[in-house]
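Peer 1: My structure is in work.txt, and what it holds is compact mmCIF, C-alpha atoms:
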# COMPACT_ATOMS: atom_id res chain seq x y z
CA ARG A 860 0.89 -0.02 10.83
CA ASP A 861 -0.76 2.83 8.98
CA ASP A 862 -2.56 6.10 8.79
CA VAL A 863 -6.05 6.70 9.91
CA GLY A 864 -8.55 8.51 7.76
CA ARG A 865 -9.76 7.47 4.33
CA ASP A 866 -8.16 4.08 4.88
CA GLY A 867 -10.48 3.43 7.83
CA GLY A 868 -7.64 2.32 10.05
CA ARG A 869 -4.02 1.34 9.89
CA GLU A 870 -2.82 -0.43 6.80
CA GLY A 871 -0.19 -3.11 6.63
CA ALA A 872 2.86 -1.95 4.81
CA ASP A 873 5.87 -3.78 3.57
CA ALA A 874 6.40 -1.99 0.29
CA ARG A 875 9.63 -0.06 0.21
CA CYS A 876 10.57 3.46 -0.85
CA GLY A 877 11.54 3.96 -4.47
CA SER A 878 11.32 1.85 -7.58
CA ASP A 879 13.48 -1.12 -8.42
CA ALA A 880 16.94 -0.98 -9.96
CA ALA A 881 15.46 -0.70 -13.42
CA GLY A 882 13.02 1.99 -12.29
CA GLU A 883 10.09 -0.09 -13.43
CA CYS A 884 7.31 -2.31 -12.14
CA ARG A 885 6.67 -5.96 -12.91
CA VAL A 886 3.07 -5.71 -14.05
CA ALA A 887 1.74 -4.35 -17.30
CA THR A 888 -0.53 -1.34 -16.86
CA ARG A 889 -2.90 0.67 -18.95
CA CYS A 890 -0.63 3.68 -18.36
CA GLY A 891 1.74 2.06 -20.84
CA ARG A 892 4.41 0.99 -18.36
CA THR A 893 5.84 -2.39 -17.59
CA GLY A 894 8.54 -3.40 -15.20
CA ASP A 895 9.34 -4.52 -11.67
CA HIS A 896 7.35 -5.31 -8.92
CA ARG A 897 1.18 -1.45 1.96
CA SER A 898 -1.34 4.80 4.63
CA GLY A 899 1.10 6.64 6.95
CA ALA A 900 2.05 5.73 10.48
CA ARG A 901 0.74 6.51 13.91
CA THR A 902 2.27 9.90 14.44
CA ARG A 903 4.75 10.63 17.21
CA PRO A 904 7.09 13.57 17.67
CA PRO A 905 10.67 13.10 16.45
CA VAL A 906 13.01 11.63 19.05
CA ALA A 907 14.12 14.50 21.26
CA GLY A 908 17.71 15.52 20.68
CA THR A 909 18.22 13.41 17.54
CA PRO A 910 20.25 15.55 15.13
CA ALA A 911 19.60 15.56 11.43
CA MET A 912 21.75 13.08 9.55
CA LYS A 913 24.81 14.66 7.99
CA ALA A 914 24.67 14.94 4.23
CA LEU A 915 27.86 12.89 3.90
CA ASP A 916 26.21 10.02 5.81
CA VAL A 917 23.09 9.74 3.65
CA GLU A 918 24.61 7.86 0.72
CA PRO A 919 26.43 5.29 2.93
CA PHE A 920 23.18 4.82 4.88
CA PHE A 921 21.23 3.92 1.74
CA ALA A 922 24.14 1.83 0.48
CA ALA A 923 23.96 -0.26 3.67
CA LEU A 924 20.20 -0.74 3.20
CA LYS A 925 20.71 -1.78 -0.41
CA ALA A 926 23.44 -4.24 0.54
CA ALA A 927 21.12 -5.84 3.09
CA ASN A 928 18.15 -5.99 0.71
CA PRO A 929 19.09 -5.28 -2.92
CA GLN A 930 15.60 -5.71 -4.37
CA PRO A 931 12.96 -4.94 -1.72
CA LEU A 932 9.52 -6.15 -2.68
CA SER A 933 6.08 -6.07 -1.13
CA GLU A 934 5.23 -9.11 0.97
CA LEU A 935 1.67 -8.98 -0.35
CA GLU A 936 0.88 -11.60 -2.97
CA TYR A 937 -0.74 -10.46 -6.23
CA SER A 938 -0.64 -11.05 -9.96
CA SER A 939 -2.27 -7.83 -11.24
CA VAL A 940 -2.59 -4.18 -10.31
CA PHE A 941 -6.17 -4.82 -9.19
CA GLU A 942 -5.09 -7.65 -6.90
CA LEU A 943 -2.41 -5.36 -5.40
CA LEU A 944 -5.10 -2.74 -4.79
CA VAL A 945 -7.33 -5.31 -3.10
CA ALA A 946 -4.50 -6.63 -0.93
CA GLY A 947 -3.52 -3.10 0.09
CA LEU A 948 -7.10 -2.22 0.97
CA LEU A 949 -7.41 -5.37 3.09
CA SER A 950 -4.12 -4.84 4.90
CA ALA A 951 -5.36 -2.24 7.41
CA GLN A 952 -4.76 -3.60 10.93
CA ALA A 953 -3.72 -6.94 9.48
CA THR A 954 -0.46 -8.73 8.82
CA ASP A 955 0.71 -9.45 5.29
CA ALA A 956 0.60 -13.17 6.10
CA GLY A 957 -3.02 -12.85 7.20
CA VAL A 958 -3.96 -10.90 4.08
CA ASN A 959 -2.20 -13.40 1.82
CA LYS A 960 -3.99 -16.29 3.51
CA ALA A 961 -7.35 -14.67 2.74
CA THR A 962 -6.58 -13.48 -0.78
CA ARG A 963 -5.28 -16.90 -1.84
CA ARG A 964 -8.86 -18.10 -1.42
CA LEU A 965 -10.57 -14.92 -2.58
CA PHE A 966 -8.60 -14.50 -5.80
CA VAL A 967 -9.53 -18.03 -6.89
CA VAL A 968 -13.16 -16.96 -7.28
CA ALA A 969 -12.81 -13.22 -7.97
CA ARG A 970 -9.85 -11.53 -9.65
CA THR A 971 -11.55 -8.58 -11.38
CA PRO A 972 -13.91 -5.78 -10.29
CA PRO A 973 -16.95 -7.35 -12.04
CA GLN A 974 -16.24 -10.70 -10.37
CA MET A 975 -15.98 -9.01 -6.96
CA LEU A 976 -19.29 -7.24 -7.58
CA ALA A 977 -20.89 -10.54 -8.56
CA LEU A 978 -19.60 -12.11 -5.36
CA GLY A 979 -21.22 -9.33 -3.32
CA GLU A 980 -20.39 -7.81 0.05
CA GLU A 981 -21.44 -10.84 2.08
CA GLY A 982 -19.66 -13.17 -0.31
CA ILE A 983 -16.42 -11.22 0.03
CA ALA A 984 -16.82 -11.04 3.82
CA ALA A 985 -16.99 -14.83 3.99
CA TYR A 986 -13.52 -15.07 2.43
CA ILE A 987 -11.86 -12.33 4.50
CA ARG A 988 -13.49 -12.82 7.91
CA THR A 989 -10.13 -13.80 9.43
CA ILE A 990 -8.88 -10.24 8.80
CA GLY A 991 -9.56 -7.37 11.20
CA LEU A 992 -12.36 -4.98 10.24
CA TYR A 993 -13.45 -7.44 7.57
CA ARG A 994 -17.01 -6.13 7.27
CA SER A 995 -16.00 -2.54 6.61
CA LYS A 996 -13.28 -3.75 4.24
CA ALA A 997 -15.78 -5.86 2.30
CA ARG A 998 -18.02 -2.79 2.01
CA HIS A 999 -15.14 -0.58 0.87
CA LEU A 1000 -14.04 -3.19 -1.65
CA ILE A 1001 -17.50 -3.39 -3.19
CA GLN A 1002 -17.72 0.41 -3.36
CA THR A 1003 -14.27 0.61 -4.92
CA CYS A 1004 -15.06 -2.06 -7.51
CA ARG A 1005 -18.25 -0.24 -8.44
CA LEU A 1006 -16.31 2.99 -9.02
CA LEU A 1007 -13.66 1.17 -11.04
CA VAL A 1008 -16.33 -0.23 -13.34
CA GLU A 1009 -18.37 2.96 -13.60
CA GLN A 1010 -15.56 5.50 -13.88
CA HIS A 1011 -12.41 3.67 -14.98
CA GLU A 1012 -13.55 0.92 -17.33
CA GLY A 1013 -12.68 -1.69 -14.71
CA GLU A 1014 -9.02 -0.60 -14.54
CA VAL A 1015 -7.04 0.70 -11.57
CA PRO A 1016 -6.33 4.42 -12.14
CA CYS A 1017 -2.73 5.63 -12.19
CA THR A 1018 -3.02 9.04 -10.53
CA ARG A 1019 -2.93 9.85 -6.81
CA ALA A 1020 -6.18 11.84 -6.88
CA GLU A 1021 -8.11 9.03 -8.55
CA LEU A 1022 -6.64 6.38 -6.27
CA GLN A 1023 -7.36 8.29 -3.07
CA ALA A 1024 -10.93 8.87 -4.25
CA LEU A 1025 -11.50 5.12 -3.93
CA PRO A 1026 -13.12 3.99 -0.63
CA GLY A 1027 -10.54 2.51 1.75
CA VAL A 1028 -7.56 3.94 -0.12
CA GLY A 1029 -5.43 6.58 1.61
CA ARG A 1030 -2.14 8.25 0.79
CA LYS A 1031 0.11 5.38 1.78
CA THR A 1032 -1.84 2.78 -0.17
CA ALA A 1033 -1.86 5.13 -3.14
CA ASN A 1034 1.92 5.56 -2.80
CA VAL A 1035 2.41 1.79 -2.81
CA ILE A 1036 0.33 1.33 -5.95
CA LEU A 1037 1.92 4.28 -7.74
CA ASN A 1038 5.40 2.97 -6.98
CA VAL A 1039 5.01 -0.80 -7.20
CA ALA A 1040 2.53 -0.96 -10.08
CA PHE A 1041 3.24 2.21 -12.04
CA GLY A 1042 6.90 2.90 -11.31
CA GLU A 1043 6.35 6.35 -9.80
CA PRO A 1044 9.05 7.62 -7.38
CA THR A 1045 6.77 7.63 -4.35
CA CYS A 1046 7.52 6.55 -0.79
CA ALA A 1047 5.03 4.83 1.51
CA VAL A 1048 5.68 5.88 5.11
CA ASP A 1049 4.51 3.24 7.57
CA THR A 1050 5.29 3.02 11.29
CA HIS A 1051 8.71 1.49 10.65
CA VAL A 1052 9.81 4.04 8.04
CA PHE A 1053 8.48 6.84 10.26
CA ARG A 1054 10.49 5.66 13.28
CA VAL A 1055 13.71 4.95 11.42
CA ALA A 1056 13.56 8.28 9.55
CA ASN A 1057 13.23 10.12 12.87
CA ARG A 1058 15.58 8.09 15.04
CA THR A 1059 18.40 8.17 12.52
CA GLY A 1060 17.81 11.81 11.62
CA LEU A 1061 17.48 10.84 7.96
CA ALA A 1062 14.15 12.63 7.49
CA PRO A 1063 12.77 14.06 10.76
CA GLY A 1064 9.06 14.84 10.79
CA ARG A 1065 6.15 15.03 13.21
CA ASP A 1066 3.78 13.12 10.93
CA PRO A 1067 4.03 10.69 7.99
CA LEU A 1068 3.52 13.41 5.37
CA GLN A 1069 6.45 15.46 6.71
CA VAL A 1070 8.66 12.38 6.70
CA GLU A 1071 7.54 11.44 3.21
CA GLN A 1072 8.29 14.91 1.87
CA ALA A 1073 11.67 14.96 3.60
CA LEU A 1074 12.57 11.57 2.14
Can you turn what I pasted into structure tokens?
Peer 2:
Amino acid sequence: RDDVGRDGGREGADARCGSDAAGECRVATRCGRTGDHRSGARTRPPVAGTPAMKALDVEPFFAALKAANPQPLSELEYSSVFELLVAGLLSAQATDAGVNKATRRLFVVARTPPQMLALGEEGIAAYIRTIGLYRSKARHLIQTCRLLVEQHEGEVPCTRAELQALPGVGRKTANVILNVAFGEPTCAVDTHVFRVANRTGLAPGRDPLQVEQAL
């Protein structure tokens, strides 16, 4: 359910496009925002013969989505921007339920970058071994925590460039964090968004970036 590249595999993704009704996120951030509270999809060509959605149909389409799910939220469990980052990093080739099961145990003993570093790579691996690619994810998490401490005073950065510079974080994960935690108008394109955008003609594209830009 994700892009391949910096993320080291597919990431789980249940975060939705756009911010909440208030245009905010639920967690306080060092960027000075408070408000409401998973990189790309496996690429396939647009469905042959699917016409672009008519402009007059776009608003009713989104209205139907909003009626079905007025306040879409991420299925990942977290209580801070750092925990959201950790959950997103762990979600590659894993279900949200599987990630939540692991982080419920992990976050009891380590909820900050220094605590993760103190736990160590093997210590983290012991808590997340039920998740696919857990060894590489533990390594990426340690590397990310080290960068957060050394370059960002232990805080999660709020720019795309800084987020995607973190090991295990690709464009989709960065989009989720920017939108969910910092209220930016970004859209995370996972397999489901990619397929729906193409099959409905809402935002045809041959890869997640094209779909994201069209959306």
Peer 1: Write out as a list in words which residues come within 10 Å of range 911-925 of chain A when counting all atoms listed in the file, dropping same-chain ones fewer than 5 positions away.
Peer 2: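 Contacts, in chain order: Gln930, Pro931, Ala1056, Asn1057, Arg1058, Thr1059, Gly1060, Leu1061, Ala1062 and Pro1063 of chain A.
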Peer 1: For Ile1001 in chain A, which of A:Val1055, A:Val968, A:Val945, A:Ala951 is the closest residue, counting all atoms listed in the file?
Peer 2: A:Val945
Peer 1: To one decimal in Å, tell me the separation between CA of Glu942 in chain A and CA of Phe966 in chain A.
Peer 2: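 Computing it gives 7.8 Å between the two atoms.
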Peer 1: What does the structure give for the distance between CA of Gln1002 in chain A and CA of Pro1016 in chain A, in Å to one decimal?
Peer 2: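 These atoms are spaced 14.9 Å apart.
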Peer 1: Using all atoms listed in the file, pick whichever of A:Val1028, A:Leu935, A:Ala977, A:Ala969 has the shortest atom-to-atom distance to Thr954 in chain A.
Peer 2: A:Leu935
Peer 1: Which of these residues is nearest to Ile1036 in chain A, using only C-alpha atoms: A:Leu944, A:Gln1010, A:Glu1071, A:Glu981?
Peer 2: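 Looking only at the distances to Ile1036 in chain A, the closest residue turns out to be A:Leu944.
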Peer 1: Go through A:Thr1050, A:Ser950, A:Thr1003, A:Asn1038 one by one, measure the shortest atom-to-atom distance of each to Val1070 in chain A using all atoms listed in the file, and give the residue with the smallest value.
Peer 2: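 That would be A:Thr1050, the residue with the smallest distance to Val1070 in chain A.
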